[in-house]
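Participant: Below you'll find upload31.txt; it's compact mmCIF, C-alpha atoms and all ligand atoms.
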# COMPACT_ATOMS: atom_id res chain seq x y z
CA MET A 1444 0.00 0.00 0.00
CA ASN A 1445 1.41 3.30 -1.14
CA ILE A 1446 0.59 5.63 1.71
CA GLU A 1447 1.99 8.67 -0.11
CA LYS A 1448 -0.43 8.13 -2.97
CA LEU A 1449 -3.28 7.63 -0.54
CA LEU A 1450 -2.50 10.90 1.21
CA LYS A 1451 -2.51 12.65 -2.17
CA GLY A 1452 -6.05 11.41 -2.73
CA ASP A 1453 -5.32 8.91 -5.49
CA LYS A 1454 -8.65 7.24 -6.15
CA ARG A 1455 -7.42 3.76 -6.97
CA THR A 1456 -5.18 3.64 -3.94
CA LEU A 1457 -8.03 4.88 -1.82
CA ALA A 1458 -10.37 2.20 -3.17
CA ARG A 1459 -7.81 -0.46 -2.39
CA ALA A 1460 -7.20 0.90 1.08
CA ILE A 1461 -10.93 0.81 1.78
CA SER A 1462 -11.22 -2.86 0.82
CA ILE A 1463 -8.26 -3.76 2.98
CA VAL A 1464 -9.62 -1.86 5.96
CA GLU A 1465 -13.10 -3.30 5.47
CA ASP A 1466 -11.56 -6.75 5.65
CA GLY A 1467 -10.47 -5.91 9.17
CA ASP A 1468 -6.84 -4.96 8.63
CA THR A 1469 -6.24 -1.75 10.57
CA SER A 1470 -2.54 -1.37 9.82
CA ILE A 1471 -3.20 1.34 7.21
CA LEU A 1472 -5.30 3.29 9.68
CA ARG A 1473 -2.42 3.39 12.11
CA LYS A 1474 -0.17 4.83 9.43
CA ILE A 1475 -2.58 7.50 8.24
CA TYR A 1476 -4.17 8.54 11.52
CA GLN A 1477 -1.77 11.41 12.11
CA HIS A 1478 -2.91 12.89 8.79
CA THR A 1479 -6.58 12.94 9.72
CA GLY A 1480 -8.76 15.46 11.52
CA HIS A 1481 -9.06 18.01 8.74
CA ALA A 1482 -12.27 16.94 7.04
CA TYR A 1483 -15.61 18.33 8.07
CA TYR A 1484 -18.19 15.60 8.70
CA VAL A 1485 -21.77 16.17 7.65
CA GLY A 1486 -24.43 13.57 8.32
CA ILE A 1487 -27.67 13.45 6.41
CA THR A 1488 -30.46 11.29 7.68
CA GLY A 1489 -34.21 10.93 7.33
CA PRO A 1490 -36.83 8.55 6.00
CA PRO A 1491 -36.26 6.62 2.80
CA GLY A 1492 -37.18 8.61 -0.27
CA ALA A 1493 -36.92 12.00 1.42
CA GLY A 1494 -34.33 13.01 -1.13
CA LYS A 1495 -31.19 12.54 0.94
CA SER A 1496 -29.10 11.26 -1.96
CA THR A 1497 -30.40 13.98 -4.23
CA ILE A 1498 -29.46 16.58 -1.63
CA VAL A 1499 -26.01 15.09 -1.15
CA GLY A 1500 -25.54 15.04 -4.91
CA LYS A 1501 -26.47 18.70 -5.27
CA LEU A 1502 -24.36 19.74 -2.29
CA THR A 1503 -21.44 17.87 -3.79
CA SER A 1504 -21.77 19.57 -7.18
CA LYS A 1505 -21.86 22.99 -5.56
CA LEU A 1506 -18.90 22.29 -3.31
CA LEU A 1507 -16.93 20.98 -6.27
CA GLU A 1508 -17.49 24.32 -7.98
CA ARG A 1509 -15.87 25.87 -4.92
CA ASN A 1510 -12.87 23.59 -5.40
CA LYS A 1511 -13.70 21.42 -2.43
CA THR A 1512 -13.17 17.68 -2.34
CA ILE A 1513 -15.91 15.41 -1.10
CA GLY A 1514 -16.11 11.89 0.23
CA ILE A 1515 -19.55 10.31 0.39
CA ILE A 1516 -20.46 7.33 2.53
CA ALA A 1517 -23.93 6.00 1.81
CA ILE A 1518 -25.41 3.62 4.30
CA ASP A 1519 -28.70 3.24 2.59
CA PRO A 1520 -29.91 0.17 0.78
CA THR A 1521 -32.00 2.28 -1.57
CA SER A 1522 -29.28 4.77 -2.26
CA PRO A 1523 -28.28 5.47 -5.81
CA PHE A 1524 -24.73 5.39 -4.50
CA SER A 1525 -25.08 1.83 -3.34
CA GLY A 1526 -25.86 0.36 -6.69
CA GLY A 1527 -29.19 1.94 -7.32
CA ALA A 1528 -32.11 -0.11 -6.19
CA LEU A 1529 -34.48 2.61 -7.26
CA LEU A 1530 -35.20 3.98 -10.69
CA GLY A 1531 -33.74 7.15 -12.03
CA ASP A 1532 -30.48 6.97 -10.13
CA ARG A 1533 -28.41 8.04 -13.09
CA ILE A 1534 -30.47 11.18 -13.38
CA ARG A 1535 -30.07 11.99 -9.73
CA MET A 1536 -26.31 11.55 -9.69
CA PRO A 1537 -25.10 12.35 -13.16
CA GLY A 1538 -21.52 11.23 -13.36
CA LEU A 1539 -20.62 12.33 -9.87
CA ALA A 1540 -18.67 9.23 -8.96
CA THR A 1541 -16.26 9.59 -11.85
CA LYS A 1542 -15.47 13.24 -11.12
CA GLU A 1543 -12.11 14.29 -9.80
CA GLY A 1544 -12.37 15.30 -6.16
CA VAL A 1545 -15.32 13.05 -5.34
CA PHE A 1546 -15.19 9.61 -3.84
CA ILE A 1547 -18.30 7.59 -3.11
CA ARG A 1548 -18.46 4.49 -0.97
CA SER A 1549 -21.64 2.66 -0.19
CA MET A 1550 -21.94 0.43 2.81
CA ALA A 1551 -24.23 -2.51 3.08
CA THR A 1552 -26.57 -2.47 6.03
CA ARG A 1553 -26.22 -6.19 6.50
CA GLY A 1554 -23.94 -7.53 9.16
CA SER A 1555 -23.76 -6.43 12.73
CA LEU A 1556 -24.51 -2.85 13.59
CA GLY A 1557 -21.29 -2.51 15.48
CA GLY A 1558 -19.44 -3.72 12.43
CA LEU A 1559 -21.13 -1.22 10.21
CA ALA A 1560 -20.48 1.68 12.53
CA GLN A 1561 -16.82 0.75 12.81
CA ALA A 1562 -16.49 0.32 9.05
CA THR A 1563 -18.06 3.72 8.45
CA LYS A 1564 -15.70 5.43 10.84
CA ASN A 1565 -12.72 3.70 9.30
CA VAL A 1566 -13.67 4.63 5.74
CA ALA A 1567 -14.22 8.20 6.91
CA LEU A 1568 -10.70 8.23 8.33
CA LEU A 1569 -9.33 7.12 4.96
CA PHE A 1570 -11.28 9.89 3.19
CA ASP A 1571 -10.00 12.34 5.74
CA ALA A 1572 -6.40 11.28 5.24
CA ALA A 1573 -6.88 11.43 1.47
CA GLY A 1574 -7.53 15.13 1.89
CA MET A 1575 -11.31 15.33 1.52
CA ASP A 1576 -12.64 18.67 2.71
CA TYR A 1577 -16.09 17.28 3.38
CA ILE A 1578 -17.31 13.85 4.30
CA PHE A 1579 -21.01 13.23 3.83
CA VAL A 1580 -22.56 10.28 5.60
CA GLU A 1581 -26.01 9.39 4.30
CA THR A 1582 -28.05 7.07 6.43
CA VAL A 1583 -31.70 6.11 6.77
CA GLY A 1584 -33.21 7.31 10.00
CA VAL A 1585 -36.48 5.58 10.72
CA GLY A 1586 -36.97 4.91 14.38
CA GLN A 1587 -34.27 2.35 14.40
CA VAL A 1588 -31.31 4.50 13.61
CA GLU A 1589 -28.84 2.23 11.92
CA LEU A 1590 -25.84 4.17 12.94
CA ASP A 1591 -25.79 6.91 15.48
CA ILE A 1592 -24.92 9.47 12.87
CA ALA A 1593 -24.71 12.40 15.26
CA GLU A 1594 -21.98 10.56 17.09
CA VAL A 1595 -19.85 10.57 13.97
CA CYS A 1596 -20.68 13.90 12.35
CA ASP A 1597 -19.95 17.52 13.13
CA THR A 1598 -23.21 18.69 11.57
CA THR A 1599 -26.28 16.50 11.24
CA VAL A 1600 -28.88 17.39 8.64
CA VAL A 1601 -32.29 15.76 8.95
CA ALA A 1602 -34.26 15.58 5.72
CA LEU A 1603 -38.04 15.34 5.87
CA VAL A 1604 -40.85 15.72 3.35
CA PRO A 1605 -44.16 17.60 3.52
CA GLU A 1606 -46.31 14.47 3.80
CA SER A 1607 -48.60 14.65 6.77
CA GLY A 1608 -47.42 13.23 10.03
CA ASP A 1609 -43.79 13.45 9.18
CA SER A 1610 -42.91 15.88 11.92
CA ILE A 1611 -44.52 13.58 14.47
CA GLN A 1612 -42.74 10.58 12.97
CA ALA A 1613 -39.46 12.44 13.07
CA MET A 1614 -39.98 13.33 16.68
CA LYS A 1615 -40.80 9.75 17.59
CA ALA A 1616 -37.76 8.49 15.75
CA GLY A 1617 -35.58 10.83 17.77
CA LEU A 1618 -34.52 12.61 14.62
CA LEU A 1619 -35.26 16.05 15.99
CA GLU A 1620 -32.95 15.46 18.90
CA ILE A 1621 -29.97 14.85 16.70
CA ALA A 1622 -30.81 17.52 14.11
CA ASP A 1623 -28.55 20.53 13.69
CA ILE A 1624 -30.37 21.57 10.55
CA ILE A 1625 -33.75 20.42 9.30
CA VAL A 1626 -34.53 20.36 5.64
CA VAL A 1627 -38.06 20.00 4.38
CA ASN A 1628 -37.32 18.67 0.94
CA LYS A 1629 -39.80 18.22 -1.90
CA SER A 1630 -41.22 21.57 -0.97
CA ASP A 1631 -42.65 21.69 -4.46
CA ARG A 1632 -45.35 19.54 -2.90
CA ASP A 1633 -48.30 20.62 -0.80
CA GLY A 1634 -47.94 21.02 2.93
CA ALA A 1635 -44.33 22.18 3.07
CA ASP A 1636 -45.13 25.43 4.85
CA ARG A 1637 -47.24 23.65 7.43
CA ILE A 1638 -44.54 21.17 8.42
CA VAL A 1639 -41.94 23.95 8.49
CA THR A 1640 -44.12 25.86 10.95
CA GLU A 1641 -44.58 22.76 13.09
CA LEU A 1642 -40.87 22.00 13.15
CA ARG A 1643 -39.93 25.57 14.00
CA PHE A 1644 -42.42 25.46 16.83
CA VAL A 1645 -40.79 22.30 18.19
CA SER A 1646 -37.35 23.86 17.75
CA GLU A 1647 -38.36 26.78 19.94
CA LEU A 1648 -39.60 24.42 22.64
CA ARG A 1649 -36.25 22.75 22.89
CA ASP A 1650 -33.83 23.22 25.69
CA LYS A 1651 -32.31 26.64 25.03
CA SER A 1652 -29.21 25.86 27.01
CA GLN A 1653 -27.99 23.89 24.03
CA GLY A 1654 -27.37 27.21 22.36
CA TRP A 1655 -28.06 26.16 18.82
CA GLU A 1656 -31.65 26.09 17.64
CA TYR A 1657 -31.87 24.04 14.53
CA PRO A 1658 -32.95 26.11 11.56
CA VAL A 1659 -35.70 24.67 9.38
CA ILE A 1660 -35.48 25.32 5.67
CA LYS A 1661 -37.35 24.27 2.57
CA THR A 1662 -35.55 22.70 -0.33
CA THR A 1663 -36.52 21.28 -3.67
CA ALA A 1664 -33.37 19.34 -4.23
CA ARG A 1665 -34.39 17.98 -7.59
CA GLU A 1666 -34.60 21.54 -8.90
CA ASP A 1667 -31.53 22.66 -6.99
CA LYS A 1668 -33.57 25.02 -4.83
CA GLY A 1669 -32.41 25.81 -1.31
CA ILE A 1670 -29.07 24.04 -1.67
CA ASP A 1671 -26.99 27.22 -1.42
CA LYS A 1672 -28.91 28.12 1.71
CA LEU A 1673 -28.17 24.67 3.12
CA ILE A 1674 -24.46 25.10 2.49
CA SER A 1675 -24.48 28.46 4.23
CA LEU A 1676 -26.29 26.90 7.21
CA ILE A 1677 -23.72 24.12 7.40
CA ASP A 1678 -21.03 26.83 7.37
CA SER A 1679 -22.86 28.74 10.13
CA HIS A 1680 -23.12 25.64 12.25
CA GLU A 1681 -19.43 24.94 11.81
CA GLU A 1682 -18.69 28.51 12.81
CA TYR A 1683 -20.97 28.18 15.84
CA LEU A 1684 -19.21 24.99 16.92
CA ASN A 1685 -15.82 26.64 16.56
CA ASN A 1686 -16.79 29.81 18.38
CA THR A 1687 -18.23 27.97 21.35
CA GLY A 1688 -15.51 25.37 21.68
CA SER A 1689 -18.09 22.69 20.98
CA PHE A 1690 -16.20 21.47 17.97
CA GLU A 1691 -13.12 20.42 19.90
CA GLN A 1692 -15.19 19.13 22.77
CA ALA A 1693 -17.31 16.95 20.49
CA ARG A 1694 -14.27 15.60 18.71
CA ARG A 1695 -12.59 14.71 21.98
CA GLN A 1696 -15.77 12.99 23.04
CA ARG A 1697 -15.76 11.07 19.75
CA ILE A 1698 -12.22 9.89 20.36
CA LYS A 1699 -13.22 8.72 23.80
CA LEU A 1700 -16.17 6.75 22.44
CA ARG A 1701 -14.04 5.27 19.72
CA MET A 1702 -11.45 4.17 22.23
CA GLN A 1703 -14.12 2.55 24.36
CA GLU A 1704 -15.54 0.72 21.35
CA LEU A 1705 -12.18 -0.53 20.22
CA VAL A 1706 -11.19 -1.75 23.65
CA GLU A 1707 -14.58 -3.38 24.21
CA ASP A 1708 -14.36 -5.10 20.84
CA LYS A 1709 -10.96 -6.48 21.65
CA ILE A 1710 -12.10 -7.75 25.01
CA LYS A 1711 -15.26 -9.28 23.58
CA ASN A 1712 -13.32 -11.07 20.89
CA HIS A 1713 -10.82 -12.30 23.38
CA ILE A 1714 -13.57 -13.62 25.62
CA LYS A 1715 -15.30 -15.38 22.74
CA LYS A 1716 -12.13 -17.01 21.53
CA GLU A 1717 -10.05 -17.59 24.61
CA VAL A 1718 -12.02 -17.33 27.78
CA ILE A 1719 -15.14 -19.27 26.97
CA LYS A 1720 -13.75 -22.33 25.25
CA PRO A 1721 -16.48 -24.21 23.36
CA GLU A 1722 -15.66 -27.56 25.02
CA VAL A 1723 -15.85 -26.04 28.47
CA MET A 1724 -19.02 -24.20 27.55
CA GLU A 1725 -20.75 -27.37 26.37
CA LYS A 1726 -19.96 -29.20 29.57
CA LEU A 1727 -21.17 -26.29 31.61
CA VAL A 1728 -24.43 -26.09 29.70
CA GLU A 1729 -25.07 -29.74 30.53
CA LYS A 1730 -24.36 -29.21 34.19
CA ILE A 1731 -26.52 -26.13 34.33
CA TYR A 1732 -29.27 -27.93 32.40
CA THR A 1733 -29.36 -30.72 34.94
CA ARG A 1734 -29.24 -28.12 37.72
CA GLU A 1735 -25.99 -29.47 39.01
CA LYS A 1736 -24.63 -25.94 38.62
CA ASP A 1737 -26.19 -22.51 38.26
CA PRO A 1738 -25.30 -19.97 35.54
CA PHE A 1739 -24.39 -17.22 37.99
CA GLN A 1740 -21.76 -19.14 39.88
CA SER A 1741 -20.48 -20.58 36.60
CA ALA A 1742 -20.03 -17.10 35.12
CA GLU A 1743 -18.09 -16.09 38.22
CA GLU A 1744 -15.83 -19.11 37.87
CA ILE A 1745 -15.05 -18.36 34.26
CA THR A 1746 -14.36 -14.67 34.77
CA SER A 1747 -12.44 -14.98 38.03
CA SER A 1748 -9.35 -15.77 36.01
CA LEU A 1749 -9.78 -12.47 34.14
CA PHE A 1750 -10.00 -10.09 37.05
N1 LIG A 1801 -40.88 16.23 -6.06
C1 LIG A 1801 -39.62 16.15 -5.64
N2 LIG A 1801 -38.97 14.97 -5.74
C2 LIG A 1801 -37.70 14.92 -5.30
C3 LIG A 1801 -37.04 16.03 -4.75
N3 LIG A 1801 -35.79 15.65 -4.38
C4 LIG A 1801 -35.69 14.34 -4.68
N4 LIG A 1801 -36.83 13.89 -5.26
C5 LIG A 1801 -37.12 12.56 -5.75
O1 LIG A 1801 -37.41 11.69 -4.66
C6 LIG A 1801 -36.98 10.37 -4.95
C7 LIG A 1801 -36.09 9.84 -3.83
O2 LIG A 1801 -34.90 10.59 -3.80
P1 LIG A 1801 -33.56 10.06 -3.11
O3 LIG A 1801 -32.58 11.16 -3.19
O4 LIG A 1801 -33.16 8.75 -3.67
O5 LIG A 1801 -34.08 9.85 -1.62
P2 LIG A 1801 -33.34 9.12 -0.38
O6 LIG A 1801 -33.92 7.76 -0.27
O7 LIG A 1801 -33.73 9.96 0.79
O8 LIG A 1801 -31.88 9.12 -0.64
C8 LIG A 1801 -36.28 10.44 -6.29
O9 LIG A 1801 -37.18 10.03 -7.28
C9 LIG A 1801 -35.95 11.91 -6.43
O10 LIG A 1801 -35.86 12.32 -7.76
C10 LIG A 1801 -37.75 17.27 -4.68
O11 LIG A 1801 -37.25 18.28 -4.22
N5 LIG A 1801 -39.03 17.26 -5.14
MG MG A 1802 -30.49 7.63 -0.64
For this file, write the structure as structure tokens.
Facilitator:
Amino acid sequence: MNIEKLLKGDKRTLARAISIVEDGDTSILRKIYQHTGHAYYVGITGPPGAGKSTIVGKLTSKLLERNKTIGIIAIDPTSPFSGGALLGDRIRMPGLATKEGVFIRSMATRGSLGGLAQATKNVALLFDAAGMDYIFVETVGVGQVELDIAEVCDTTVVALVPESGDSIQAMKAGLLEIADIIVVNKSDRDGADRIVTELRFVSELRDKSQGWEYPVIKTTAREDKGIDKLISLIDSHEEYLNNTGSFEQARRQRIKLRMQELVEDKIKNHIKKEVIKPEVMEKLVEKIYTREKDPFQSAEEITSSLF
């Protein structure tokens, strides 16, 4: 692996690095880590079909015009980035992936959630090291948030649509809690103003001590409307984070969480492989089944060697 080429943003090297890292080899990450920390992470979440990919596509085109480089991670089975399950993907993302300065990686939602979250963070690190100015993480947020996107991103954009009940749904799904900016997309449709009013009302009810009240804006991503405004809001949020020291604080917090995850993973794997040997486990199950032993005492016995 040519680290120099990776750091220069060479697409083929980056693609190769991603596959290696996704296969669980973290040696590249150790080498590049010192070159990370420069990219700005923007999460975009919301229900399927809200227009997240369209928004990301439009944002990307605009940022490219400003000579920015963009890495996109799509964790969405219906995303045009992840192979295009839906129709019209080509139209939504015309030639973006082949452009200089853009790198798109889609992540399958299958597999364990922990695995996906780790993989996402690792790919983001590679993008970051490769010099991307922005990293967009697109994920579906529907009640069961697949990846705690706010934990990974500096700015979280929640995309909703005017359809009735969406603000209530969003609230239930916890989307409003993680939102830094709310976008009511497809505002070419009826009901956009109503949901904007509702969401602004909720925003005002929120705990003011947080300091940042999420702005609510209308977009019609397909027609490129409201995208400039969205970029300026992302900029404002970044500025807010910097001015209040929240940026550094959040990133330190992220490092702490990451450390915890990595250590826990290592310990869990060790326990699975080394501490609870399958032969021993089978015998124990039999003894516990026949009530010769109890599971609580048995767990103590196994772990006593660890502590
Ligand atoms: N009417 C309307 N349709 C849109 C708009 N933005 C995106 N769409 C369409 O909504 C559909 C889903 O968009 P997509 O970006 O794939 O949504 P995602 O699942 O949230 O990523 C596509 O057919 C888009 O063309 C919009 O502003 N207005
Ligand atoms: Mg999508």
Participant: When you draw a straight line from CA of Phe1546 (chain A) to CA of Tyr1683 (chain A), how long is it in Å?
Facilitator: 27.7 Å
Participant: When distances are computed from all atoms listed in the file, which of A:Leu1569, A:Ile1660, A:Leu1539, A:Leu1603 shows the smallest separation from Lys1505 (chain A)?
Facilitator: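 Checking each of A:Leu1569, A:Ile1660, A:Leu1539, A:Leu1603 against Lys1505 (chain A), counting all atoms listed in the file, the winner is A:Leu1539.
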Participant: Any idea what the distance is between CA of Glu1581 (chain A) and CA of Val1600 (chain A)?
Facilitator: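 Separating CA of Glu1581 (chain A) from CA of Val1600 (chain A) is a distance of 9.5 Å.
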Participant: Compare A:Ile1487, A:Val1545, A:Ile1592, A:Ile1638 by their minimum atom-to-atom distance to ligand LIG 1801 (chain A), counting all atoms listed in the file, and give me the closest one.
Facilitator: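 Nearest to ligand LIG 1801 (chain A): A:Ile1487.
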Participant: For ligand MG 1802 (chain A), which of A:Val1601, A:Val1706, A:Ala1517, A:Ala1562 is the closest residue, counting only C-alpha atoms and all ligand atoms?
Facilitator: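 Closest residue, counting only C-alpha atoms and all ligand atoms: A:Ala1517.
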Participant: Find the residues near Ser1470 (chain A): any atom within 12 Å, counting all atoms listed in the file, skip ones fewer than 2 places away on the same chain, and give them as a ChimeraX atom specification.
Facilitator: /A:1444,1446,1460-1461,1463-1468,1472-1476,1565,1569
Participant: For the selection just defined, write its residues with C-alpha atoms to a file, as a PDB file, in the frame of the given file.
Facilitator:
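New file result01.pdb:
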ATOM      1  CA  MET A1444       0.000   0.000   0.000  1.00  0.00           C
ATOM      2  CA  ILE A1446       0.590   5.630   1.710  1.00  0.00           C
ATOM      3  CA  ALA A1460      -7.200   0.900   1.080  1.00  0.00           C
ATOM      4  CA  ILE A1461     -10.930   0.810   1.780  1.00  0.00           C
ATOM      5  CA  ILE A1463      -8.260  -3.760   2.980  1.00  0.00           C
ATOM      6  CA  VAL A1464      -9.620  -1.860   5.960  1.00  0.00           C
ATOM      7  CA  GLU A1465     -13.100  -3.300   5.470  1.00  0.00           C
ATOM      8  CA  ASP A1466     -11.560  -6.750   5.650  1.00  0.00           C
ATOM      9  CA  GLY A1467     -10.470  -5.910   9.170  1.00  0.00           C
ATOM     10  CA  ASP A1468      -6.840  -4.960   8.630  1.00  0.00           C
ATOM     11  CA  LEU A1472      -5.300   3.290   9.680  1.00  0.00           C
ATOM     12  CA  ARG A1473      -2.420   3.390  12.110  1.00  0.00           C
ATOM     13  CA  LYS A1474      -0.170   4.830   9.430  1.00  0.00           C
ATOM     14  CA  ILE A1475      -2.580   7.500   8.240  1.00  0.00           C
ATOM     15  CA  TYR A1476      -4.170   8.540  11.520  1.00  0.00           C
ATOM     16  CA  ASN A1565     -12.720   3.700   9.300  1.00  0.00           C
ATOM     17  CA  LEU A1569      -9.330   7.120   4.960  1.00  0.00           C
TER      18      LEU A1569
END
Participant: Axis-aligned box over every listed atom of region 1729-1734 of chain A, padded by 5 Å per side: centre and edges in Å to one decimal, as AutoDock Vina command-line options?
Facilitator:
--center_x -26.9 --center_y -28.4 --center_z 34.1 --size_x 15.0 --size_y 14.6 --size_z 17.2
Participant: As number ranges by chain, please: the residues near Met1724 (chain A) (cut-off 12 Å, all atoms listed in the file, same-chain neighbours under 3 positions excluded).
Facilitator: A: 1715-1721, 1727-1732, 1738, 1741-1742, 1744-1745
Participant: May I ask which of the residues A:Ile1670, A:Ile1513, A:Ile1471, A:Val1595 is the closest one to ligand LIG 1801 (chain A), counting all atoms listed in the file?
Facilitator: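 Between A:Ile1670, A:Ile1513, A:Ile1471, A:Val1595, the residue approaching ligand LIG 1801 (chain A) most closely is A:Ile1670.
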Participant: What separation in Å, quoted to one decimal, exists between CA of Val1639 (chain A) and CA of Trp1655 (chain A)?
Facilitator: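 Interatomic distance, CA of Val1639 (chain A) to CA of Trp1655 (chain A): 17.4 Å.
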Participant: With all atoms listed in the file counted, collect every polymer residue having an atom within 7 Å of ligand LIG 1801 (chain A); state the result as a PDB file with C-alpha atoms, in the coordinates of the input.
Facilitator:
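This is the output file part-v8.pdb:
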ATOM      1  CA  GLY A1489     -34.210  10.930   7.330  1.00  0.00           C
ATOM      2  CA  PRO A1490     -36.830   8.550   6.000  1.00  0.00           C
ATOM      3  CA  PRO A1491     -36.260   6.620   2.800  1.00  0.00           C
ATOM      4  CA  GLY A1492     -37.180   8.610  -0.270  1.00  0.00           C
ATOM      5  CA  ALA A1493     -36.920  12.000   1.420  1.00  0.00           C
ATOM      6  CA  GLY A1494     -34.330  13.010  -1.130  1.00  0.00           C
ATOM      7  CA  LYS A1495     -31.190  12.540   0.940  1.00  0.00           C
ATOM      8  CA  SER A1496     -29.100  11.260  -1.960  1.00  0.00           C
ATOM      9  CA  THR A1497     -30.400  13.980  -4.230  1.00  0.00           C
ATOM     10  CA  ILE A1498     -29.460  16.580  -1.630  1.00  0.00           C
ATOM     11  CA  THR A1521     -32.000   2.280  -1.570  1.00  0.00           C
ATOM     12  CA  SER A1522     -29.280   4.770  -2.260  1.00  0.00           C
ATOM     13  CA  PRO A1523     -28.280   5.470  -5.810  1.00  0.00           C
ATOM     14  CA  GLY A1531     -33.740   7.150 -12.030  1.00  0.00           C
ATOM     15  CA  ARG A1535     -30.070  11.990  -9.730  1.00  0.00           C
ATOM     16  CA  ASN A1628     -37.320  18.670   0.940  1.00  0.00           C
ATOM     17  CA  LYS A1629     -39.800  18.220  -1.900  1.00  0.00           C
ATOM     18  CA  SER A1630     -41.220  21.570  -0.970  1.00  0.00           C
ATOM     19  CA  ASP A1631     -42.650  21.690  -4.460  1.00  0.00           C
ATOM     20  CA  ARG A1632     -45.350  19.540  -2.900  1.00  0.00           C
ATOM     21  CA  THR A1662     -35.550  22.700  -0.330  1.00  0.00           C
ATOM     22  CA  THR A1663     -36.520  21.280  -3.670  1.00  0.00           C
ATOM     23  CA  ALA A1664     -33.370  19.340  -4.230  1.00  0.00           C
ATOM     24  CA  ARG A1665     -34.390  17.980  -7.590  1.00  0.00           C
ATOM     25  CA  GLU A1666     -34.600  21.540  -8.900  1.00  0.00           C
TER      26      GLU A1666
END
Participant: Name the closest residue to ligand MG 1802 (chain A) among the candidates A:Val1583, A:Leu1506, A:Ala1458, A:Ala1573; distances are taken between atoms, counting only C-alpha atoms and all ligand atoms.
Facilitator: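 Result for the nearest residue to ligand MG 1802 (chain A): A:Val1583.
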Participant: Using only C-alpha atoms and all ligand atoms, which of the listed residues (A:Ile1611, A:Asp1633, A:Thr1456, A:Gly1500) sits closest to ligand MG 1802 (chain A)?
Facilitator: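 Smallest distance to ligand MG 1802 (chain A) is found for A:Gly1500.
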Participant: Can you tell me, as a PyMOL selection string, what residues are no more than 12 Å from Arg1695 (chain A) when counting all atoms listed in the file, ignoring any on the same chain fewer than 4 positions away?
Facilitator: chain A and resi 1480+1594-1595+1597+1688-1691+1699-1702
Participant: Those selected residues, please, written with C-alpha atoms and delivered as a short mmCIF file (atom, residue, chain, number, x, y, z; two decimals), keeping the file's coordinate frame.
Facilitator:
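In the end it all went to again-v1.cif:
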data_model
loop_
_atom_site.label_atom_id
_atom_site.label_comp_id
_atom_site.auth_asym_id
_atom_site.auth_seq_id
_atom_site.Cartn_x
_atom_site.Cartn_y
_atom_site.Cartn_z
CA GLY A 1480 -8.76 15.46 11.52
CA GLU A 1594 -21.98 10.56 17.09
CA VAL A 1595 -19.85 10.57 13.97
CA ASP A 1597 -19.95 17.52 13.13
CA GLY A 1688 -15.51 25.37 21.68
CA SER A 1689 -18.09 22.69 20.98
CA PHE A 1690 -16.20 21.47 17.97
CA GLU A 1691 -13.12 20.42 19.90
CA LYS A 1699 -13.22 8.72 23.80
CA LEU A 1700 -16.17 6.75 22.44
CA ARG A 1701 -14.04 5.27 19.72
CA MET A 1702 -11.45 4.17 22.23
#
